[in-house]
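Text of final-v1.cif (mmCIF, C-alpha atoms) as supplied:
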```
data_model
loop_
_atom_site.label_atom_id
_atom_site.label_comp_id
_atom_site.auth_asym_id
_atom_site.auth_seq_id
_atom_site.Cartn_x
_atom_site.Cartn_y
_atom_site.Cartn_z
CA MET A 18 50.50 -37.72 5.51
CA ALA A 19 49.33 -36.51 8.88
CA THR A 20 50.77 -33.07 8.30
CA THR A 21 49.22 -32.72 4.89
CA SER A 22 45.78 -33.72 6.15
CA SER A 23 45.93 -31.20 9.00
CA GLU A 24 47.05 -28.55 6.55
CA SER A 25 44.14 -29.30 4.25
CA ASP A 26 41.86 -29.23 7.32
CA SER A 27 43.04 -25.81 8.31
CA SER A 28 42.81 -24.53 4.77
CA ARG A 29 39.26 -25.84 4.56
CA LYS A 30 38.44 -24.06 7.81
CA ASN A 31 39.83 -20.89 6.34
CA THR A 32 37.69 -21.18 3.26
CA ASP A 33 34.70 -21.98 5.50
CA ASN A 34 35.33 -18.81 7.46
CA LYS A 35 35.66 -16.81 4.30
CA GLU A 36 32.43 -18.29 3.03
CA ASN A 37 30.69 -17.38 6.25
CA GLU A 38 31.98 -13.85 6.06
CA SER A 39 30.92 -13.46 2.48
CA LYS A 40 27.53 -14.92 3.42
CA ASP A 41 27.20 -12.30 6.13
CA GLU A 42 28.06 -9.62 3.65
CA GLN A 43 25.52 -11.01 1.23
CA ASN A 44 22.91 -11.04 3.97
CA ASN A 45 23.70 -7.41 4.74
CA MET A 46 23.09 -6.63 1.12
CA PHE A 47 19.54 -7.91 1.41
CA GLU A 48 18.56 -6.08 4.57
CA CYS A 49 15.43 -3.99 4.52
CA ASN A 50 16.33 -0.31 4.76
CA ILE A 51 13.60 0.27 7.32
CA CYS A 52 13.65 -2.61 9.83
CA LEU A 53 17.33 -3.44 9.10
CA ASP A 54 16.37 -7.14 9.12
CA ASN A 55 16.43 -9.46 6.11
CA ALA A 56 13.79 -8.21 3.72
CA LYS A 57 10.54 -10.20 3.91
CA ASP A 58 8.11 -9.94 1.02
CA ALA A 59 10.86 -7.97 -0.61
CA VAL A 60 10.15 -5.08 -2.91
CA VAL A 61 12.54 -2.70 -4.59
CA SER A 62 11.88 0.93 -5.40
CA VAL A 63 12.59 2.34 -8.86
CA CYS A 64 15.59 4.11 -7.30
CA GLY A 65 16.93 0.65 -6.37
CA HIS A 66 16.37 0.51 -2.62
CA LEU A 67 15.25 -2.70 -0.96
CA PHE A 68 12.48 -2.94 1.64
CA CYS A 69 10.07 -5.38 3.24
CA TRP A 70 6.72 -4.57 1.74
CA PRO A 71 5.03 -4.26 5.18
CA CYS A 72 7.73 -1.76 6.23
CA LEU A 73 7.53 0.32 3.08
CA HIS A 74 3.75 0.20 3.14
CA GLN A 75 3.70 1.60 6.65
CA TRP A 76 6.15 4.33 5.62
CA LEU A 77 3.97 5.31 2.66
CA GLU A 78 0.95 5.39 4.96
CA THR A 79 2.75 7.57 7.51
CA ARG A 80 3.74 10.07 4.85
CA SER A 81 0.83 9.72 2.48
CA SER A 82 0.99 13.37 1.46
CA ARG A 83 4.67 13.31 0.56
CA GLN A 84 5.72 9.83 -0.53
CA VAL A 85 9.49 9.67 -0.88
CA CYS A 86 12.07 6.89 -0.75
CA PRO A 87 13.24 6.48 2.87
CA VAL A 88 16.84 6.22 1.66
CA CYS A 89 17.33 8.74 -1.15
CA LYS A 90 14.09 10.75 -0.96
CA ALA A 91 13.27 10.13 -4.61
CA VAL A 92 9.54 10.27 -5.30
CA ILE A 93 7.99 6.81 -4.97
CA SER A 94 4.54 5.30 -4.76
CA LYS A 95 2.91 1.89 -4.46
CA ASP A 96 2.80 1.53 -8.22
CA LYS A 97 6.46 2.40 -8.65
CA VAL A 98 7.61 -0.50 -6.50
CA ILE A 99 8.77 -3.82 -7.97
CA PRO A 100 8.15 -7.06 -6.08
CA ILE A 101 11.05 -9.53 -5.99
CA TYR A 102 10.39 -13.26 -6.45
CA GLY A 103 13.16 -15.64 -5.43
CA ARG A 104 13.20 -19.23 -6.70
CA GLY A 105 12.66 -20.86 -3.30
CA ASN A 106 9.47 -18.94 -2.81
CA THR A 107 6.54 -21.27 -3.49
CA LYS A 108 3.84 -18.64 -3.44
CA GLN A 109 4.64 -16.33 -6.28
CA GLU A 110 2.23 -13.78 -5.01
CA ASP A 111 2.66 -10.05 -5.31
CA PRO A 112 3.63 -8.96 -1.79
CA ARG A 113 1.76 -5.74 -2.41
CA ASN A 114 -1.48 -7.74 -2.20
CA LYS A 115 -0.61 -9.11 1.22
CA VAL A 116 -0.90 -5.94 3.23
CA PRO A 117 -3.73 -4.38 1.32
CA PRO A 118 -3.59 -0.64 1.50
CA ARG A 119 -6.47 0.76 3.42
CA PRO A 120 -9.25 1.41 0.94
CA ALA A 121 -9.54 5.06 0.16
CA GLY A 122 -12.51 6.82 1.67
CA GLN A 123 -15.44 6.51 -0.67
CA ARG A 124 -17.52 9.57 -1.22
CA THR A 125 -20.01 10.39 -3.89
CA GLU A 126 -20.33 13.84 -5.34
CA PRO A 127 -23.58 15.55 -4.30
CA ASP A 128 -24.99 15.79 -7.87
CA ALA A 129 -24.95 11.98 -8.19
CA ASN A 130 -27.80 11.57 -5.67
CA THR A 131 -29.68 14.84 -5.92
CA GLY A 132 -32.92 12.92 -5.65
CA PHE A 133 -32.52 11.81 -2.05
CA PRO A 134 -32.81 14.89 0.13
CA GLY A 135 -35.85 16.18 -1.74
CA PHE A 136 -38.07 13.23 -0.98
CA ASN A 137 -40.14 13.17 2.16
CA PHE A 138 -41.79 9.85 2.91
CA GLY A 139 -42.09 10.49 6.58
CA ASP A 140 -39.67 8.88 8.97
CA GLY A 141 -40.14 5.19 8.16
CA GLY A 142 -40.14 5.64 4.41
CA PHE A 143 -37.03 7.76 4.39
CA HIS A 144 -35.05 5.28 6.42
CA LEU A 145 -36.09 2.44 4.17
CA SER A 146 -35.00 4.11 0.97
CA PHE A 147 -31.75 5.30 2.50
CA GLY A 148 -30.81 1.79 3.59
CA ILE A 149 -31.46 0.32 0.20
CA GLY A 150 -29.87 3.23 -1.57
CA ALA A 151 -26.67 2.74 0.38
CA PHE A 152 -26.59 -0.99 -0.28
CA PRO A 153 -25.05 -0.97 -3.76
CA PHE A 154 -22.27 1.35 -2.60
CA GLY A 155 -21.42 -0.88 0.33
CA PHE A 156 -21.41 -3.80 -2.04
CA LEU A 157 -19.04 -1.91 -4.33
CA THR A 158 -16.55 -1.37 -1.55
CA SER A 159 -16.10 -5.06 -0.88
CA PHE A 160 -16.25 -5.87 -4.55
CA ASN A 161 -13.41 -3.53 -5.40
CA PHE A 162 -10.71 -5.25 -3.47
CA SER A 163 -11.55 -8.91 -3.50
CA ASP A 164 -11.74 -8.85 -7.27
CA ARG A 165 -8.35 -7.30 -7.89
CA PRO A 166 -6.27 -9.82 -9.86
CA HIS A 167 -3.03 -10.94 -8.18
CA GLY A 168 0.13 -9.49 -9.63
CA VAL A 169 -1.66 -7.46 -12.25
CA PRO A 170 -1.27 -3.74 -11.85
CA VAL A 171 -4.53 -1.94 -11.48
CA GLY A 172 -5.29 -0.48 -14.87
CA GLY A 173 -7.82 1.96 -16.18
CA GLN A 174 -10.08 -0.95 -17.20
CA LEU A 175 -11.06 -1.77 -13.64
CA GLN A 176 -11.71 1.84 -12.83
CA GLN A 177 -13.90 2.12 -15.89
CA ASP A 178 -15.79 -0.96 -14.75
CA ASP A 179 -16.26 0.59 -11.35
CA HIS A 180 -17.54 3.75 -12.91
CA TYR A 181 -19.92 1.81 -15.09
CA LEU A 182 -21.16 -0.26 -12.14
CA SER A 183 -21.73 2.78 -9.97
CA LYS A 184 -23.75 4.38 -12.75
CA LEU A 185 -25.73 1.19 -13.15
CA PHE A 186 -26.52 1.03 -9.45
CA LEU A 187 -27.43 4.69 -9.42
CA TRP A 188 -29.99 4.08 -12.16
CA ILE A 189 -31.37 1.04 -10.34
CA ALA A 190 -31.73 3.18 -7.23
CA VAL A 191 -33.49 5.94 -9.18
CA ILE A 192 -35.88 3.45 -10.82
CA PHE A 193 -36.58 1.91 -7.42
CA ILE A 194 -37.45 5.29 -5.96
CA VAL A 195 -39.68 6.13 -8.86
CA TRP A 196 -41.42 2.77 -8.39
CA LEU A 197 -41.84 3.51 -4.67
CA LEU A 198 -43.36 6.89 -5.49
CA LEU A 199 -45.82 5.41 -7.95
CA ALA A 200 -46.79 2.51 -5.67
CA MET B 19 6.98 -0.76 23.01
CA ASN B 20 6.43 -1.67 19.42
CA ASN B 21 8.60 -4.57 18.35
CA ILE B 22 10.03 -3.04 15.20
CA ALA B 23 11.15 0.06 17.13
CA THR B 24 13.02 -1.97 19.77
CA GLN B 25 14.55 -4.30 17.19
CA ARG B 26 15.79 -1.39 15.15
CA ILE B 27 17.23 0.56 18.06
CA LYS B 28 19.13 -2.57 19.16
CA ARG B 29 20.62 -2.92 15.69
CA GLU B 30 21.41 0.78 15.45
CA PHE B 31 23.03 0.68 18.85
CA LYS B 32 25.38 -2.01 17.56
CA GLU B 33 25.97 0.01 14.41
CA VAL B 34 27.12 3.02 16.43
CA ILE B 35 29.36 0.83 18.59
CA LYS B 36 31.00 -0.68 15.51
CA SER B 37 31.25 2.64 13.66
CA GLU B 38 34.48 4.43 12.82
CA GLU B 39 33.17 7.57 14.47
CA LEU B 40 33.03 5.84 17.84
CA ALA B 41 36.63 4.77 17.42
CA LYS B 42 37.50 8.43 16.77
CA CYS B 43 35.46 9.42 19.87
CA SER B 44 33.33 11.67 17.72
CA ILE B 45 29.93 10.12 18.52
CA LYS B 46 28.64 7.75 21.19
CA VAL B 47 25.32 6.33 22.40
CA ASP B 48 24.45 4.97 25.84
CA LEU B 49 21.33 3.34 27.19
CA VAL B 50 19.28 5.10 29.83
CA GLY B 51 17.61 2.39 31.90
CA ASP B 52 16.76 -1.03 30.52
CA SER B 53 14.33 -0.08 27.81
CA TYR B 54 15.42 1.11 24.42
CA THR B 55 12.98 4.02 24.52
CA GLU B 56 15.42 6.52 25.97
CA LEU B 57 19.07 6.93 25.08
CA LYS B 58 21.87 9.30 25.82
CA GLY B 59 23.90 10.54 22.89
CA GLU B 60 27.24 12.22 22.98
CA ILE B 61 28.93 14.25 20.25
CA ALA B 62 32.33 15.85 20.17
CA GLY B 63 32.42 19.48 19.12
CA PRO B 64 33.60 19.51 15.51
CA PRO B 65 37.16 20.75 14.87
CA ASP B 66 37.73 24.34 13.68
CA THR B 67 34.52 25.54 15.32
CA PRO B 68 33.93 27.33 18.65
CA TYR B 69 32.70 23.95 19.94
CA GLU B 70 36.01 22.17 19.41
CA GLY B 71 37.17 20.22 22.43
CA GLY B 72 33.72 20.13 24.03
CA LYS B 73 31.57 17.08 24.77
CA PHE B 74 27.87 17.59 24.18
CA PHE B 75 25.26 15.27 25.67
CA LEU B 76 21.91 14.65 24.03
CA GLU B 77 18.62 13.30 25.26
CA ILE B 78 17.19 10.89 22.68
CA LYS B 79 13.62 9.68 23.07
CA VAL B 80 12.46 6.95 20.71
CA PRO B 81 8.73 7.12 19.91
CA GLU B 82 6.52 4.03 19.58
CA THR B 83 6.21 4.74 15.88
CA TYR B 84 9.96 4.74 15.25
CA PRO B 85 11.41 4.49 12.59
CA PHE B 86 8.38 5.89 10.79
CA ASN B 87 8.63 9.02 12.88
CA PRO B 88 11.86 10.71 14.00
CA PRO B 89 13.38 10.33 17.47
CA LYS B 90 12.97 13.31 19.80
CA VAL B 91 16.39 14.81 20.38
CA ARG B 92 17.41 17.66 22.69
CA PHE B 93 20.75 19.02 23.89
CA MET B 94 21.26 18.35 27.59
CA THR B 95 24.52 20.27 27.56
CA LYS B 96 23.95 24.02 27.28
CA ILE B 97 25.16 25.36 23.96
CA TRP B 98 25.30 28.77 22.19
CA HIS B 99 24.13 28.04 18.65
CA PRO B 100 21.58 29.73 16.33
CA ASN B 101 19.64 26.51 15.70
CA ILE B 102 19.62 25.26 19.30
CA SER B 103 17.74 26.92 22.14
CA SER B 104 20.21 28.32 24.67
CA VAL B 105 17.55 27.80 27.36
CA THR B 106 15.88 24.44 26.65
CA GLY B 107 18.30 22.73 24.25
CA ALA B 108 15.54 22.22 21.66
CA ILE B 109 16.92 21.65 18.18
CA CYS B 110 15.69 23.11 14.89
CA LEU B 111 16.77 20.61 12.27
CA ASP B 112 14.63 19.56 9.32
CA ILE B 113 15.51 15.84 9.48
CA LEU B 114 14.18 15.72 13.05
CA LYS B 115 10.89 17.08 11.72
CA ASP B 116 9.32 16.83 8.28
CA GLN B 117 12.45 15.76 6.41
CA TRP B 118 12.85 12.58 8.47
CA ALA B 119 13.28 9.38 6.45
CA ALA B 120 12.85 5.88 7.82
CA ALA B 121 16.29 4.75 6.65
CA MET B 122 18.03 7.29 8.91
CA THR B 123 19.62 5.91 12.04
CA LEU B 124 20.96 7.10 15.38
CA ARG B 125 24.37 7.28 13.75
CA THR B 126 23.23 9.51 10.88
CA VAL B 127 21.23 11.71 13.27
CA LEU B 128 24.25 12.27 15.51
CA LEU B 129 26.47 12.98 12.51
CA SER B 130 23.88 15.42 11.15
CA LEU B 131 23.85 17.23 14.47
CA GLN B 132 27.63 17.42 14.39
CA ALA B 133 27.38 18.88 10.89
CA LEU B 134 24.77 21.38 12.14
CA MET B 135 27.20 22.53 14.83
CA ALA B 136 29.81 23.14 12.15
CA ALA B 137 27.42 24.90 9.78
CA ALA B 138 24.66 26.90 11.46
CA GLU B 139 21.56 28.05 9.59
CA PRO B 140 20.91 31.53 11.04
CA ASP B 141 18.03 32.13 8.61
CA ASP B 142 16.04 29.29 10.14
CA PRO B 143 16.80 29.89 13.80
CA GLN B 144 15.64 28.18 16.95
CA ASP B 145 17.18 30.87 19.18
CA ALA B 146 16.55 34.28 17.60
CA VAL B 147 18.93 36.10 19.96
CA VAL B 148 21.84 33.83 19.08
CA ALA B 149 21.02 33.98 15.37
CA LYS B 150 21.01 37.80 15.43
CA GLN B 151 24.40 37.86 17.13
CA TYR B 152 25.72 35.24 14.68
CA LYS B 153 24.76 37.48 11.76
CA GLU B 154 25.57 40.91 13.18
CA TYR B 155 28.58 40.26 15.41
CA PRO B 156 30.20 37.02 14.22
CA GLU B 157 33.31 37.59 16.36
CA ILE B 158 31.35 38.05 19.57
CA PHE B 159 29.29 35.00 18.62
CA ALA B 160 32.41 32.86 18.18
CA LYS B 161 33.84 34.02 21.51
CA THR B 162 30.54 33.43 23.32
CA ALA B 163 30.05 29.96 21.81
CA SER B 164 33.63 29.05 22.68
CA TYR B 165 33.13 30.34 26.22
CA TRP B 166 29.91 28.34 26.67
CA THR B 167 31.77 25.28 25.39
CA ASN B 168 34.41 25.87 28.03
CA VAL B 169 31.92 26.34 30.86
CA TYR B 170 29.35 23.64 30.04
CA ALA B 171 31.08 21.12 27.75
CA GLY B 172 34.63 21.06 29.07
CA GLY B 173 36.16 22.98 26.18
CA PRO B 174 39.70 24.37 26.50
CA ASN B 175 39.15 28.10 25.84
CA LYS B 176 38.83 30.06 29.07
CA ASN B 177 37.82 33.72 28.96
CA THR B 178 38.81 35.74 32.03
CA ASP B 179 37.17 38.90 30.69
CA PHE B 180 33.77 37.17 30.48
CA ASP B 181 34.39 35.47 33.84
CA SER B 182 34.98 38.79 35.58
CA LYS B 183 31.83 40.32 34.09
CA ILE B 184 29.80 37.36 35.33
CA GLN B 185 31.43 37.71 38.73
CA ARG B 186 30.32 41.36 38.88
CA LEU B 187 26.70 40.26 38.35
CA LYS B 188 27.05 37.41 40.83
CA ASP B 189 28.20 39.95 43.39
CA MET B 190 24.87 41.67 42.86
CA GLY B 191 23.10 38.41 43.74
CA ILE B 192 22.42 37.03 40.25
CA GLU B 193 22.89 33.31 39.59
CA SER B 194 25.79 32.50 37.27
CA ASP B 195 23.72 30.79 34.53
CA GLN B 196 21.30 33.70 34.47
CA ALA B 197 24.16 36.22 34.40
CA ARG B 198 25.87 34.33 31.57
CA GLY B 199 22.65 34.22 29.58
CA ALA B 200 21.96 37.94 29.99
CA LEU B 201 25.54 38.99 29.16
CA SER B 202 25.62 36.68 26.12
CA THR B 203 22.31 38.12 24.95
CA PHE B 204 23.57 41.72 25.20
CA ASN B 205 26.91 41.03 23.52
CA TRP B 206 28.71 41.20 26.89
CA ASP B 207 27.57 44.76 27.55
CA LEU B 208 27.52 44.72 31.36
CA GLU B 209 25.35 47.85 31.67
CA ARG B 210 22.56 46.61 29.40
CA ALA B 211 22.63 43.14 30.96
CA THR B 212 22.32 44.64 34.45
CA GLU B 213 19.50 46.89 33.30
CA GLN B 214 17.59 43.93 31.87
CA LEU B 215 18.16 41.73 34.92
CA PHE B 216 16.94 44.38 37.36
CA SER B 217 14.08 45.81 35.32
#
```
In structure tokens, write the structure found in this file.
Amino acid sequence: MATTSSESDSSRKNTDNKENESKDEQNNMFECNICLDNAKDAVVSVCGHLFCWPCLHQWLETRSSRQVCPVCKAVISKDKVIPIYGRGNTKQEDPRNKVPPRPAGQRTEPDANTGFPGFNFGDGGFHLSFGIGAFPFGFLTSFNFSDRPHGVPVGGQLQQDDHYLSKLFLWIAVIFIVWLLLA
Amino acid sequence: MNNIATQRIKREFKEVIKSEELAKCSIKVDLVGDSYTELKGEIAGPPDTPYEGGKFFLEIKVPETYPFNPPKVRFMTKIWHPNISSVTGAICLDILKDQWAAAMTLRTVLLSLQALMAAAEPDDPQDAVVAKQYKEYPEIFAKTASYWTNVYAGGPNKNTDFDSKIQRLKDMGIESDQARGALSTFNWDLERATEQLFS
């Protein structure tokens, strides 16, 4: 009896060791290709390479002009990355929303506000209209990103909305200036 | 230093130590000081090249932004190669510049450098003099590279002919490294090397 129990003990230890080894191997399989640690907020590229989203995001930022997969150099971008949701994860949030990409610089084409430079109210007047004129655009900037739905890829709809809103605000600004001129 | 950089270098260091190449003595990495910002690499000259049998040391500097930007690597051991400066040891290799990718590691960099030693790119040179010789006089290039390997990297191939020419210049009061450089540049033409050194 004693011998058999010790044998089963040792065999169990062996299987334990094997399990540990295979666990290690499994862990290796889920290492981020950039930080070489277990992938946090894991995303996978279309070419099949695993990364932490913060790591990949920083890589894409570093090489914004030439975005390629850090492993195989296939062309990738933020939109061609698939988030991975495990079962244990309570917050099923798109990791791509967590480290929001820096908002792109916002600039308006000169023809959109041709009215501004031509007007001369004197110093005080000019400053006033400029401040108010800039307001809707500042508002737009914050609006853009807080409103983005979680997990839904940014479609053309939102961009259209943005376009529509910017036109709307432009008209409000123009009407305001006209009202100022008349008053 | 940035945490991700240190973490990664520590892991990569272990990777090199565990690697097959270390077992074959083909690549090696050592720490310089306590920080992981500076390392010393070592590569064996690849077989069937003029560098065979030599040991080449590299200075590896890890930037704060690693692994998003490549490590700065330079040959500390003098080497005669079209893509490596014979004076400063600066390396012209695309993956150490714009072709760097964040998934590359110390191990892959060292192996790439070993591959570069085996397959030079004379059309994209770092050292124009060496590249010209490589293209126009491949035999003299091979002899020179082998000789430099012997002198600076402990390679096996001695060359008494080259030694005696250097000795002639040393007798005229020229330092041996300078004499070797000039003679190598002028394809071991003693007259032209002398002319250049004394002009």
Distance of atom CA of Ile102 of chain B from atom CA of Ala211 of chain B, expressed in Å to one decimal place: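 According to the coordinates, atom CA of Ala211 of chain B and atom CA of Ile102 of chain B are separated by 21.6 Å.
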Using 6 Å as the limit and counting all atoms listed in the file, can you tabulate each residue of chain B that touches chain A, with its shortest atom-to-atom distance in Å and the two atoms involved, as CSV?
```
residue,atom,partner,partner_atom,distance
B:Arg26,CA,A:Cys52,CA,5.9
B:Phe86,CA,A:Trp76,CA,5.8
B:Ala119,CA,A:Pro87,CA,4.6
B:Ala120,CA,A:Pro87,CA,5.0
B:Ala121,CA,A:Pro87,CA,5.2
```
Residue members of the PyMOL selection byres ((chain A and resi 62) around 9) in the file shown, as a PyMOL selection string: chain A and resi 60-61+63-68+86+93-94+97-100
Selection near Thr162 of chain B, 12 Å with only C-alpha atoms, sequence-local residues under 6 positions removed, as a VMD selection string: chain B and resid 67 to 69 97 to 100 104 148 151 to 152 155 to 156 168 to 170 175 to 177 179 to 181 198 to 206
Picked residues, the PyMOL selection byres ((chain B and resi 80) around 6), as a VMD selection string: chain B and resid 55 79 81 89
Explicit residue set for the PyMOL selection byres ((chain B and resi 133) around 12), as a list of chain:residue names: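 Answer for the PyMOL selection byres ((chain B and resi 133) around 12): B:Ser44, B:Ile45, B:Ile61, B:Ala62, B:Gly63, B:Pro64, B:Pro65, B:Thr67, B:Tyr69, B:Asn101, B:Leu111, B:Thr126, B:Val127, B:Leu128, B:Leu129, B:Ser130, B:Leu131, B:Gln132, B:Leu134, B:Met135, B:Ala136, B:Ala137, B:Ala138, B:Glu139.
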With C-alpha atoms retained, write the just-selected residues as a PDB file, in the frame of the given file.
```pdb
ATOM      1  CA  SER B  44      33.330  11.670  17.720  1.00  0.00           C
ATOM      2  CA  ILE B  45      29.930  10.120  18.520  1.00  0.00           C
ATOM      3  CA  ILE B  61      28.930  14.250  20.250  1.00  0.00           C
ATOM      4  CA  ALA B  62      32.330  15.850  20.170  1.00  0.00           C
ATOM      5  CA  GLY B  63      32.420  19.480  19.120  1.00  0.00           C
ATOM      6  CA  PRO B  64      33.600  19.510  15.510  1.00  0.00           C
ATOM      7  CA  PRO B  65      37.160  20.750  14.870  1.00  0.00           C
ATOM      8  CA  THR B  67      34.520  25.540  15.320  1.00  0.00           C
ATOM      9  CA  TYR B  69      32.700  23.950  19.940  1.00  0.00           C
ATOM     10  CA  ASN B 101      19.640  26.510  15.700  1.00  0.00           C
ATOM     11  CA  LEU B 111      16.770  20.610  12.270  1.00  0.00           C
ATOM     12  CA  THR B 126      23.230   9.510  10.880  1.00  0.00           C
ATOM     13  CA  VAL B 127      21.230  11.710  13.270  1.00  0.00           C
ATOM     14  CA  LEU B 128      24.250  12.270  15.510  1.00  0.00           C
ATOM     15  CA  LEU B 129      26.470  12.980  12.510  1.00  0.00           C
ATOM     16  CA  SER B 130      23.880  15.420  11.150  1.00  0.00           C
ATOM     17  CA  LEU B 131      23.850  17.230  14.470  1.00  0.00           C
ATOM     18  CA  GLN B 132      27.630  17.420  14.390  1.00  0.00           C
ATOM     19  CA  LEU B 134      24.770  21.380  12.140  1.00  0.00           C
ATOM     20  CA  MET B 135      27.200  22.530  14.830  1.00  0.00           C
ATOM     21  CA  ALA B 136      29.810  23.140  12.150  1.00  0.00           C
ATOM     22  CA  ALA B 137      27.420  24.900   9.780  1.00  0.00           C
ATOM     23  CA  ALA B 138      24.660  26.900  11.460  1.00  0.00           C
ATOM     24  CA  GLU B 139      21.560  28.050   9.590  1.00  0.00           C
TER      25      GLU B 139
END
```
Distance in Å - atom CA of Glu77 of chain B versus atom CA of Lys58 of chain B: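 Computing it gives 5.2 Å between the two atoms.
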Top pick for closest residue to Gly103 of chain A, considering A:Ile194, A:Ala56, A:Leu185, A:Ala91 and counting all atoms listed in the file: A:Ala56
Distance in Å - atom CA of Ala171 of chain B versus atom CA of Met94 of chain B: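 Separation between atom CA of Ala171 of chain B and atom CA of Met94 of chain B: 10.2 Å.
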